[in-house]
>>> print(open('my_file.cif').read())   # mmCIF, C-alpha atoms, pLDDT in the B column; chains and numbers go by the auth columns
data_final
#
loop_
_atom_site.group_PDB
_atom_site.id
_atom_site.type_symbol
_atom_site.label_atom_id
_atom_site.label_comp_id
_atom_site.label_asym_id
_atom_site.label_seq_id
_atom_site.Cartn_x
_atom_site.Cartn_y
_atom_site.Cartn_z
_atom_site.B_iso_or_equiv
_atom_site.auth_seq_id
_atom_site.auth_asym_id
ATOM 1 C CA MET A 1 -13.621 8.366 16.956 55.00 242 A
ATOM 2 C CA LYS A 2 -16.489 10.663 17.848 57.00 243 A
ATOM 3 C CA ASN A 3 -18.259 10.935 14.499 59.00 244 A
ATOM 4 C CA HIS A 4 -20.366 8.548 12.486 77.00 245 A
ATOM 5 C CA TYR A 5 -18.337 6.562 9.946 78.00 246 A
ATOM 6 C CA SER A 6 -20.788 7.252 7.114 85.00 247 A
ATOM 7 C CA ASN A 7 -20.535 11.006 7.738 90.00 248 A
ATOM 8 C CA PHE A 8 -16.782 10.916 7.183 92.00 249 A
ATOM 9 C CA ILE A 9 -17.298 8.877 4.005 93.00 250 A
ATOM 10 C CA GLU A 10 -19.747 11.480 2.735 92.00 251 A
ATOM 11 C CA PHE A 11 -17.285 14.207 3.638 93.00 252 A
ATOM 12 C CA LEU A 12 -14.517 12.512 1.618 95.00 253 A
ATOM 13 C CA LYS A 13 -16.806 12.279 -1.411 94.00 254 A
ATOM 14 C CA ASN A 14 -17.442 16.024 -1.398 93.00 255 A
ATOM 15 C CA ASN A 15 -14.228 17.435 0.059 93.00 256 A
ATOM 16 C CA ASN A 16 -11.901 19.553 -2.082 91.00 257 A
ATOM 17 C CA LYS A 17 -9.392 20.469 0.620 93.00 258 A
ATOM 18 C CA LEU A 18 -6.039 18.683 0.834 96.00 259 A
ATOM 19 C CA PHE A 19 -3.066 19.200 3.137 96.00 260 A
ATOM 20 C CA GLY A 20 -0.340 17.747 0.929 95.00 261 A
ATOM 21 C CA LEU A 21 3.232 18.436 1.962 94.00 262 A
ATOM 22 C CA ASN A 22 2.254 19.676 5.435 95.00 263 A
ATOM 23 C CA SER A 23 0.775 16.256 6.157 97.00 264 A
ATOM 24 C CA HIS A 24 3.544 14.263 4.487 96.00 265 A
ATOM 25 C CA ILE A 25 6.297 15.954 6.485 95.00 266 A
ATOM 26 C CA LYS A 26 4.749 14.891 9.801 95.00 267 A
ATOM 27 C CA LEU A 27 5.449 11.197 9.129 96.00 268 A
ATOM 28 C CA ALA A 28 8.516 11.626 6.927 94.00 269 A
ATOM 29 C CA PRO A 29 11.887 10.142 7.999 93.00 270 A
ATOM 30 C CA LYS A 30 13.967 12.914 9.574 92.00 271 A
ATOM 31 C CA LYS A 31 17.572 13.833 10.241 88.00 272 A
ATOM 32 C CA LYS A 32 18.017 16.149 13.219 84.00 273 A
ATOM 33 C CA GLY A 33 14.350 17.125 13.013 85.00 274 A
ATOM 34 C CA ASN A 34 14.323 17.922 9.288 85.00 275 A
ATOM 35 C CA PRO A 35 13.019 15.733 6.442 83.00 276 A
ATOM 36 C CA PHE A 36 15.723 13.346 5.280 79.00 277 A
ATOM 37 C CA ARG A 37 14.740 13.425 1.613 80.00 278 A
ATOM 38 C CA VAL A 38 13.378 15.870 -0.945 77.00 279 A
ATOM 39 C CA PHE A 39 9.733 15.911 -1.986 80.00 280 A
ATOM 40 C CA SER A 40 10.134 17.116 -5.570 81.00 281 A
ATOM 41 C CA PRO A 41 11.081 15.026 -8.625 78.00 282 A
ATOM 42 C CA ASN A 42 14.685 15.498 -9.717 70.00 283 A
ATOM 43 C CA GLY A 43 14.012 15.759 -13.444 68.00 284 A
ATOM 44 C CA LYS A 44 14.947 12.194 -14.347 72.00 285 A
ATOM 45 C CA GLN A 45 12.518 9.744 -15.912 83.00 286 A
ATOM 46 C CA ILE A 46 9.957 9.311 -13.140 89.00 287 A
ATOM 47 C CA ARG A 47 8.114 6.075 -12.493 91.00 288 A
ATOM 48 C CA LYS A 48 4.424 6.678 -11.870 94.00 289 A
ATOM 49 C CA SER A 49 2.401 4.421 -9.633 96.00 290 A
ATOM 50 C CA SER A 50 -0.955 4.353 -7.843 97.00 291 A
ATOM 51 C CA VAL A 51 -2.198 2.994 -4.537 98.00 292 A
ATOM 52 C CA MET A 52 -5.649 2.354 -3.119 98.00 293 A
ATOM 53 C CA ILE A 53 -6.387 3.288 0.506 98.00 294 A
ATOM 54 C CA LEU A 54 -9.248 0.938 1.280 98.00 295 A
ATOM 55 C CA LEU A 55 -11.623 1.635 4.164 97.00 296 A
ATOM 56 C CA LYS A 56 -13.780 -1.178 5.524 96.00 297 A
ATOM 57 C CA PRO A 57 -16.491 -0.467 8.117 93.00 298 A
ATOM 58 C CA ILE A 58 -16.236 -2.043 11.576 91.00 299 A
ATOM 59 C CA ASN A 59 -19.201 -0.272 13.197 88.00 300 A
ATOM 60 C CA ILE A 60 -20.995 3.070 12.940 86.00 301 A
ATOM 61 C CA ASN A 61 -18.042 4.939 14.444 87.00 302 A
ATOM 62 C CA ASP A 62 -14.952 3.197 13.097 92.00 303 A
ATOM 63 C CA PHE A 63 -13.454 1.467 10.093 95.00 304 A
ATOM 64 C CA ASN A 64 -10.383 -0.562 9.202 97.00 305 A
ATOM 65 C CA VAL A 65 -7.696 0.579 6.805 98.00 306 A
ATOM 66 C CA LEU A 66 -6.596 -2.336 4.610 98.00 307 A
ATOM 67 C CA LEU A 67 -2.852 -2.723 4.190 97.00 308 A
ATOM 68 C CA THR A 68 -0.638 -5.415 2.727 95.00 309 A
ATOM 69 C CA LEU A 69 2.512 -7.046 4.014 92.00 310 A
ATOM 70 C CA ARG A 70 4.670 -7.289 0.911 83.00 311 A
ATOM 71 C CA SER A 71 6.381 -10.551 0.056 75.00 312 A
ATOM 72 C CA PRO A 72 10.004 -10.809 1.265 60.00 313 A
ATOM 73 C CA HIS A 73 10.916 -12.106 -2.207 60.00 314 A
ATOM 74 C CA LEU A 74 10.102 -8.881 -4.077 52.00 315 A
ATOM 75 C CA LYS A 75 12.979 -6.895 -5.565 55.00 316 A
ATOM 76 C CA SER A 76 11.787 -3.541 -4.176 57.00 317 A
ATOM 77 C CA HIS A 77 10.230 -2.674 -0.802 54.00 318 A
ATOM 78 C CA SER A 78 10.196 -6.360 0.149 55.00 319 A
ATOM 79 C CA GLY A 79 8.719 -7.181 3.532 70.00 320 A
ATOM 80 C CA GLN A 80 7.282 -3.699 3.994 86.00 321 A
ATOM 81 C CA ILE A 81 3.728 -2.687 4.896 95.00 322 A
ATOM 82 C CA SER A 82 2.017 -0.838 2.074 94.00 323 A
ATOM 83 C CA PHE A 83 -1.241 -0.131 0.299 97.00 324 A
ATOM 84 C CA PRO A 84 -2.358 -2.278 -2.622 96.00 325 A
ATOM 85 C CA GLY A 85 -0.939 -0.668 -5.742 95.00 326 A
ATOM 86 C CA GLY A 86 1.776 -0.561 -8.338 93.00 327 A
ATOM 87 C CA GLN A 87 3.080 0.916 -11.550 94.00 328 A
ATOM 88 C CA ILE A 88 0.779 2.727 -13.968 97.00 329 A
ATOM 89 C CA GLU A 89 0.747 1.116 -17.411 95.00 330 A
ATOM 90 C CA ASN A 90 0.884 3.227 -20.576 90.00 331 A
ATOM 91 C CA ASP A 91 -2.747 2.651 -21.516 92.00 332 A
ATOM 92 C CA GLU A 92 -4.388 3.395 -18.160 97.00 333 A
ATOM 93 C CA THR A 93 -5.189 6.261 -15.819 98.00 334 A
ATOM 94 C CA PRO A 94 -3.828 6.388 -12.247 98.00 335 A
ATOM 95 C CA LEU A 95 -7.216 5.312 -10.895 98.00 336 A
ATOM 96 C CA GLN A 96 -7.455 2.394 -13.307 98.00 337 A
ATOM 97 C CA ALA A 97 -3.988 1.283 -12.201 98.00 338 A
ATOM 98 C CA ALA A 98 -4.925 1.449 -8.512 98.00 339 A
ATOM 99 C CA LEU A 99 -8.053 -0.655 -9.093 98.00 340 A
ATOM 100 C CA ARG A 100 -6.228 -3.166 -11.300 98.00 341 A
ATOM 101 C CA GLU A 101 -3.360 -3.604 -8.844 96.00 342 A
ATOM 102 C CA THR A 102 -5.785 -4.019 -5.937 98.00 343 A
ATOM 103 C CA PHE A 103 -7.495 -6.852 -7.783 98.00 344 A
ATOM 104 C CA GLU A 104 -4.211 -8.448 -8.842 96.00 345 A
ATOM 105 C CA GLU A 105 -2.696 -8.296 -5.347 96.00 346 A
ATOM 106 C CA ILE A 106 -5.609 -9.118 -3.020 97.00 347 A
ATOM 107 C CA GLY A 107 -8.502 -10.044 -5.298 97.00 348 A
ATOM 108 C CA ILE A 108 -10.960 -7.221 -4.645 98.00 349 A
ATOM 109 C CA PRO A 109 -12.925 -6.529 -7.875 97.00 350 A
ATOM 110 C CA SER A 110 -13.233 -2.886 -8.898 97.00 351 A
ATOM 111 C CA GLU A 111 -17.035 -3.090 -8.699 97.00 352 A
ATOM 112 C CA GLU A 112 -16.679 -3.862 -4.980 98.00 353 A
ATOM 113 C CA ILE A 113 -14.888 -0.542 -4.363 98.00 354 A
ATOM 114 C CA ASP A 114 -16.649 2.801 -4.066 97.00 355 A
ATOM 115 C CA VAL A 115 -13.930 5.323 -4.933 98.00 356 A
ATOM 116 C CA LEU A 116 -14.321 8.384 -2.717 97.00 357 A
ATOM 117 C CA SER A 117 -11.469 10.755 -3.483 97.00 358 A
ATOM 118 C CA GLN A 118 -7.874 11.271 -4.540 98.00 359 A
ATOM 119 C CA LEU A 119 -5.216 12.496 -2.127 98.00 360 A
ATOM 120 C CA THR A 120 -2.042 14.468 -2.834 97.00 361 A
ATOM 121 C CA GLU A 121 0.643 12.824 -4.958 96.00 362 A
ATOM 122 C CA LEU A 122 3.821 11.820 -3.133 96.00 363 A
ATOM 123 C CA TYR A 123 7.291 11.661 -4.658 94.00 364 A
ATOM 124 C CA VAL A 124 9.534 8.864 -3.333 90.00 365 A
ATOM 125 C CA PRO A 125 13.235 9.500 -4.134 85.00 366 A
ATOM 126 C CA PRO A 126 14.688 5.986 -3.553 79.00 367 A
ATOM 127 C CA SER A 127 12.471 4.499 -6.267 80.00 368 A
ATOM 128 C CA ASN A 128 12.167 7.775 -8.228 86.00 369 A
ATOM 129 C CA SER A 129 8.433 7.194 -8.142 90.00 370 A
ATOM 130 C CA LEU A 130 5.454 9.543 -8.059 95.00 371 A
ATOM 131 C CA ILE A 131 2.583 7.889 -6.188 97.00 372 A
ATOM 132 C CA TYR A 132 -1.069 8.760 -6.846 98.00 373 A
ATOM 133 C CA PRO A 133 -3.175 7.788 -3.779 98.00 374 A
ATOM 134 C CA PHE A 134 -6.908 7.089 -3.982 98.00 375 A
ATOM 135 C CA VAL A 135 -9.378 6.445 -1.170 98.00 376 A
ATOM 136 C CA GLY A 136 -12.109 3.859 -1.545 98.00 377 A
ATOM 137 C CA VAL A 137 -14.578 2.039 0.663 97.00 378 A
ATOM 138 C CA THR A 138 -15.442 -1.657 0.482 97.00 379 A
ATOM 139 C CA ASN A 139 -17.277 -4.373 2.392 95.00 380 A
ATOM 140 C CA PHE A 140 -15.497 -7.121 0.478 95.00 381 A
ATOM 141 C CA ASP A 141 -13.386 -9.453 2.596 89.00 382 A
ATOM 142 C CA ASN A 142 -13.047 -12.615 0.526 93.00 383 A
ATOM 143 C CA TRP A 143 -9.375 -11.951 -0.155 92.00 384 A
ATOM 144 C CA VAL A 144 -7.582 -13.784 -2.934 94.00 385 A
ATOM 145 C CA ILE A 145 -3.981 -13.030 -2.045 93.00 386 A
ATOM 146 C CA ASN A 146 -1.317 -13.130 -4.746 91.00 387 A
ATOM 147 C CA LYS A 147 1.432 -14.780 -2.713 88.00 388 A
ATOM 148 C CA SER A 148 4.136 -13.759 -5.183 86.00 389 A
ATOM 149 C CA GLU A 149 3.533 -10.142 -4.117 86.00 390 A
ATOM 150 C CA VAL A 150 1.660 -10.168 -0.802 91.00 391 A
ATOM 151 C CA ASP A 151 2.130 -12.214 2.358 89.00 392 A
ATOM 152 C CA GLU A 152 -1.052 -11.071 4.097 92.00 393 A
ATOM 153 C CA VAL A 153 -3.764 -8.440 4.321 95.00 394 A
ATOM 154 C CA ILE A 154 -3.564 -6.313 7.460 96.00 395 A
ATOM 155 C CA GLU A 155 -6.639 -4.574 8.868 97.00 396 A
ATOM 156 C CA VAL A 156 -5.860 -1.619 11.144 97.00 397 A
ATOM 157 C CA PRO A 157 -8.602 0.348 12.944 97.00 398 A
ATOM 158 C CA PHE A 158 -8.528 3.997 11.951 96.00 399 A
ATOM 159 C CA SER A 159 -9.233 4.850 15.593 95.00 400 A
ATOM 160 C CA PHE A 160 -5.785 3.391 16.377 96.00 401 A
ATOM 161 C CA LEU A 161 -4.050 5.401 13.667 97.00 402 A
ATOM 162 C CA ILE A 162 -5.511 8.773 14.668 95.00 403 A
ATOM 163 C CA GLN A 163 -4.231 8.550 18.260 95.00 404 A
ATOM 164 C CA LYS A 164 -0.959 10.473 18.405 94.00 405 A
ATOM 165 C CA ASP A 165 0.350 8.336 21.265 96.00 406 A
ATOM 166 C CA ASN A 166 0.391 5.313 18.938 98.00 407 A
ATOM 167 C CA ILE A 167 2.988 6.934 16.673 97.00 408 A
ATOM 168 C CA ILE A 168 6.446 5.915 17.808 97.00 409 A
ATOM 169 C CA SER A 169 9.951 6.747 16.597 95.00 410 A
ATOM 170 C CA GLN A 170 12.768 4.414 15.621 94.00 411 A
ATOM 171 C CA GLN A 171 16.371 5.120 14.719 92.00 412 A
ATOM 172 C CA ARG A 172 17.775 3.519 11.594 88.00 413 A
ATOM 173 C CA GLN A 173 20.963 3.692 9.588 83.00 414 A
ATOM 174 C CA LEU A 174 20.171 4.835 6.054 79.00 415 A
ATOM 175 C CA PHE A 175 22.979 5.568 3.610 75.00 416 A
ATOM 176 C CA GLY A 176 25.421 5.739 6.511 80.00 417 A
ATOM 177 C CA GLU A 177 23.393 8.277 8.502 84.00 418 A
ATOM 178 C CA THR A 178 21.248 7.980 11.620 89.00 419 A
ATOM 179 C CA ILE A 179 17.646 8.733 10.719 91.00 420 A
ATOM 180 C CA GLU A 180 14.547 9.070 12.899 94.00 421 A
ATOM 181 C CA ILE A 181 11.634 7.044 11.557 94.00 422 A
ATOM 182 C CA PRO A 182 8.086 8.011 12.707 96.00 423 A
ATOM 183 C CA CYS A 183 6.010 4.852 12.515 97.00 424 A
ATOM 184 C CA TRP A 184 3.269 2.602 13.902 98.00 425 A
ATOM 185 C CA ASP A 185 4.082 -0.771 15.426 97.00 426 A
ATOM 186 C CA LEU A 186 1.470 -3.244 14.147 96.00 427 A
ATOM 187 C CA ASN A 187 3.168 -6.314 15.642 95.00 428 A
ATOM 188 C CA LYS A 188 4.426 -7.412 12.246 93.00 429 A
ATOM 189 C CA PRO A 189 7.993 -8.112 11.052 89.00 430 A
ATOM 190 C CA GLU A 190 8.199 -4.486 9.879 92.00 431 A
ATOM 191 C CA VAL A 191 6.678 -1.279 11.240 96.00 432 A
ATOM 192 C CA LEU A 192 4.381 0.941 9.197 97.00 433 A
ATOM 193 C CA TRP A 193 6.570 3.802 8.003 95.00 434 A
ATOM 194 C CA GLY A 194 7.817 5.704 4.963 93.00 435 A
ATOM 195 C CA ALA A 195 5.608 6.568 2.003 95.00 436 A
ATOM 196 C CA THR A 196 2.641 4.580 3.318 96.00 437 A
ATOM 197 C CA ALA A 197 2.738 6.411 6.656 97.00 438 A
ATOM 198 C CA MET A 198 3.145 9.773 4.919 97.00 439 A
ATOM 199 C CA ILE A 199 0.085 9.142 2.738 98.00 440 A
ATOM 200 C CA LEU A 200 -1.920 8.024 5.785 98.00 441 A
ATOM 201 C CA SER A 201 -0.910 11.251 7.511 98.00 442 A
ATOM 202 C CA GLU A 202 -2.982 13.255 5.027 98.00 443 A
ATOM 203 C CA LEU A 203 -6.032 11.034 5.544 98.00 444 A
ATOM 204 C CA ILE A 204 -5.639 11.523 9.305 97.00 445 A
ATOM 205 C CA ASP A 205 -5.393 15.302 8.883 97.00 446 A
ATOM 206 C CA LEU A 206 -8.525 15.214 6.740 96.00 447 A
ATOM 207 C CA TYR A 207 -10.333 13.390 9.536 95.00 448 A
ATOM 208 C CA HIS A 208 -9.285 16.006 12.099 93.00 449 A
ATOM 209 C CA TYR A 209 -10.443 18.724 9.686 94.00 450 A
ATOM 210 C CA PHE A 210 -13.743 16.863 9.283 93.00 451 A
ATOM 211 C CA GLU A 211 -14.103 16.794 13.090 89.00 452 A
ATOM 212 C CA GLN A 212 -13.755 20.576 13.198 88.00 453 A
ATOM 213 C CA ILE A 213 -16.474 21.189 10.608 82.00 454 A
ATOM 214 C CA ALA A 214 -18.774 18.198 11.243 68.00 455 A
ATOM 215 C CA ILE A 215 -21.174 19.899 13.631 55.00 456 A
ATOM 216 C CA PRO A 216 -21.387 23.332 11.918 57.00 457 A
ATOM 217 C CA HIS A 217 -22.043 21.674 8.546 56.00 458 A
ATOM 218 C CA ASN A 218 -24.401 19.011 9.899 56.00 459 A
ATOM 219 C CA PHE A 219 -22.262 16.057 8.729 51.00 460 A
#
>>> encode(input="my_file.cif", output="structure tokens")
Amino acid sequence: MKNHYSNFIEFLKNNNKLFGLNSHIKLAPKKKGNPFRVFSPNGKQIRKSSVMILLKPININDFNVLLTLRSPHLKSHSGQISFPGGQIENDETPLQAALRETFEEIGIPSEEIDVLSQLTELYVPPSNSLIYPFVGVTNFDNWVINKSEVDEVIEVPFSFLIQKDNIISQQRQLFGETIEIPCWDLNKPEVLWGATAMILSELIDLYHYFEQIAIPHNF
């Protein structure tokens, strides 16, 4: 990473540009080069959920992205790598849900998170869920892990994620079809793929956009 970490944080606070579907497609599972699933809700009762993309500074030029390895005992998405998050309750906003779930899953209080921005919503067909992603920054690392939901907290340098050569492809059988899965290998039981990777793709595109405008705008 060539630019000061704090400059990118300031950019995220003030940025209004999003890349949405164009970013999501890059890391979406594909069949013969085309996205395997749709990106629009199908009209049925949609579950709404929120996630928190937490950034934690390493040094002046890099930061970690905090991820969770989900418990293998969960009914849905067990054993997968994800962001802290979960279903939005009736009496709360998407942001309130993201902060609540982050505290419930890994013990980071909401007052320890500086919320920077909201990214583009992502529809996930298998769970019929619409995910609202938020980006926040924290220095908190005294995790209190809820072992019924989370096996461990994973810290991944953003400098690793933005290098294209670190994105690999796997073949998997899904619903009887061979599907190409773009992913990152983090040396865990599961790779980082699917909705989490697709959401990260937009944050990565925002960083590359920030790189293009950083010098002209004195970031």
>>> closest_residue(input="my_file.cif", among="A:Ile287, A:Leu402, A:Leu296, A:Ile395", to="Pro366 (chain A)", atoms="all atoms listed in the file")
A:Ile287
>>> closest_residue(input="my_file.cif", among="A:Leu427, A:Leu259, A:Leu444, A:Leu340", to="Ile354 (chain A)", atoms="all atoms listed in the file")
A:Leu340
>>> closest_residue(input="my_file.cif", among="A:Asn383, A:Ser351, A:Ser323, A:Asn407", to="Leu308 (chain A)", atoms="all atoms listed in the file")
A:Ser323
>>> axis_aligned_box(input="my_file.cif", around="region 271-288 of chain A", padding_each_side="5 Å", output="JSON")
{"center_x": 13.1, "center_y": 12.0, "center_z": -1.3, "size_x": 19.9, "size_y": 21.8, "size_z": 39.1}
>>> atom_distance(input="my_file.cif", atom1="CA of Val306 (chain A)", atom2="CA of Glu353 (chain A)")
15.5 Å
>>> residues_around(input="my_file.cif", residues="Ser358 (chain A)", least_positions_apart="2", cutoff="12 Å", atoms="only C-alpha atoms", output="VMD selection string")
chain A and resid 249 to 259 293 to 296 336 354 to 356 360 to 361 373 to 378 444 447
>>> write_last_selection(input="my_file.cif", atoms="C-alpha atoms", output="PDB file, keeping the file's coordinate frame")
ATOM      1  CA  PHE A 249     -16.782  10.916   7.183  1.00 92.00           C
ATOM      2  CA  ILE A 250     -17.298   8.877   4.005  1.00 93.00           C
ATOM      3  CA  GLU A 251     -19.747  11.480   2.735  1.00 92.00           C
ATOM      4  CA  PHE A 252     -17.285  14.207   3.638  1.00 93.00           C
ATOM      5  CA  LEU A 253     -14.517  12.512   1.618  1.00 95.00           C
ATOM      6  CA  LYS A 254     -16.806  12.279  -1.411  1.00 94.00           C
ATOM      7  CA  ASN A 255     -17.442  16.024  -1.398  1.00 93.00           C
ATOM      8  CA  ASN A 256     -14.228  17.435   0.059  1.00 93.00           C
ATOM      9  CA  ASN A 257     -11.901  19.553  -2.082  1.00 91.00           C
ATOM     10  CA  LYS A 258      -9.392  20.469   0.620  1.00 93.00           C
ATOM     11  CA  LEU A 259      -6.039  18.683   0.834  1.00 96.00           C
ATOM     12  CA  MET A 293      -5.649   2.354  -3.119  1.00 98.00           C
ATOM     13  CA  ILE A 294      -6.387   3.288   0.506  1.00 98.00           C
ATOM     14  CA  LEU A 295      -9.248   0.938   1.280  1.00 98.00           C
ATOM     15  CA  LEU A 296     -11.623   1.635   4.164  1.00 97.00           C
ATOM     16  CA  LEU A 336      -7.216   5.312 -10.895  1.00 98.00           C
ATOM     17  CA  ILE A 354     -14.888  -0.542  -4.363  1.00 98.00           C
ATOM     18  CA  ASP A 355     -16.649   2.801  -4.066  1.00 97.00           C
ATOM     19  CA  VAL A 356     -13.930   5.323  -4.933  1.00 98.00           C
ATOM     20  CA  LEU A 360      -5.216  12.496  -2.127  1.00 98.00           C
ATOM     21  CA  THR A 361      -2.042  14.468  -2.834  1.00 97.00           C
ATOM     22  CA  TYR A 373      -1.069   8.760  -6.846  1.00 98.00           C
ATOM     23  CA  PRO A 374      -3.175   7.788  -3.779  1.00 98.00           C
ATOM     24  CA  PHE A 375      -6.908   7.089  -3.982  1.00 98.00           C
ATOM     25  CA  VAL A 376      -9.378   6.445  -1.170  1.00 98.00           C
ATOM     26  CA  GLY A 377     -12.109   3.859  -1.545  1.00 98.00           C
ATOM     27  CA  VAL A 378     -14.578   2.039   0.663  1.00 97.00           C
ATOM     28  CA  LEU A 444      -6.032  11.034   5.544  1.00 98.00           C
ATOM     29  CA  LEU A 447      -8.525  15.214   6.740  1.00 96.00           C
TER      30      LEU A 447
END
>>> residues_around(input="my_file.cif", residues="Pro430 (chain A)", least_positions_apart="3", cutoff="12 Å", atoms="all atoms listed in the file", output="VMD selection string")
chain A and resid 310 to 313 319 to 322 392 to 393 426 to 427 433
>>> residues_near_point(input="my_file.cif", point="(21.1, 18.5, 15.4)", cutoff="12 Å", atoms="all atoms listed in the file", output="ChimeraX atom specification")
/A:271-275,419-421
>>> closest_residue(input="my_file.cif", among="A:Ser410, A:Gln453, A:Asn331, A:Ser442", to="Pro270 (chain A)", atoms="all atoms listed in the file")
A:Ser410
>>> closest_residue(input="my_file.cif", among="A:Ile445, A:Val292, A:Ile403, A:Val394", to="Gln359 (chain A)", atoms="all atoms listed in the file")
A:Val292
>>> residues_around(input="my_file.cif", residues="Glu333 (chain A)", least_positions_apart="6", cutoff="12 Å", atoms="all atoms listed in the file", output="list in words")
Lys289, Ser290, Ser291, Ala339, Leu340, Arg341 and Glu342 of chain A
>>> atom_distance(input="my_file.cif", atom1="CA of Phe324 (chain A)", atom2="CA of Leu363 (chain A)")
13.4 Å
>>> atom_distance(input="my_file.cif", atom1="CA of Thr334 (chain A)", atom2="CA of Gly261 (chain A)")
20.9 Å
>>> closest_residue(input="my_file.cif", among="A:Glu431, A:Pro423, A:Pro276, A:Asp303", to="Tyr448 (chain A)", atoms="all atoms listed in the file")
A:Asp303
>>> resolve_selection(input="my_file.cif", expression="the PyMOL selection byres ((chain A and resi 264) around 8)", output="number ranges by chain")
A: 260-263, 265-268, 439-440, 442-443, 446
>>> residues_around(input="my_file.cif", residues="Ser281 (chain A)", least_positions_apart="3", cutoff="10 Å", atoms="all atoms listed in the file", output="ChimeraX atom specification")
/A:278,284,363-366,369,371
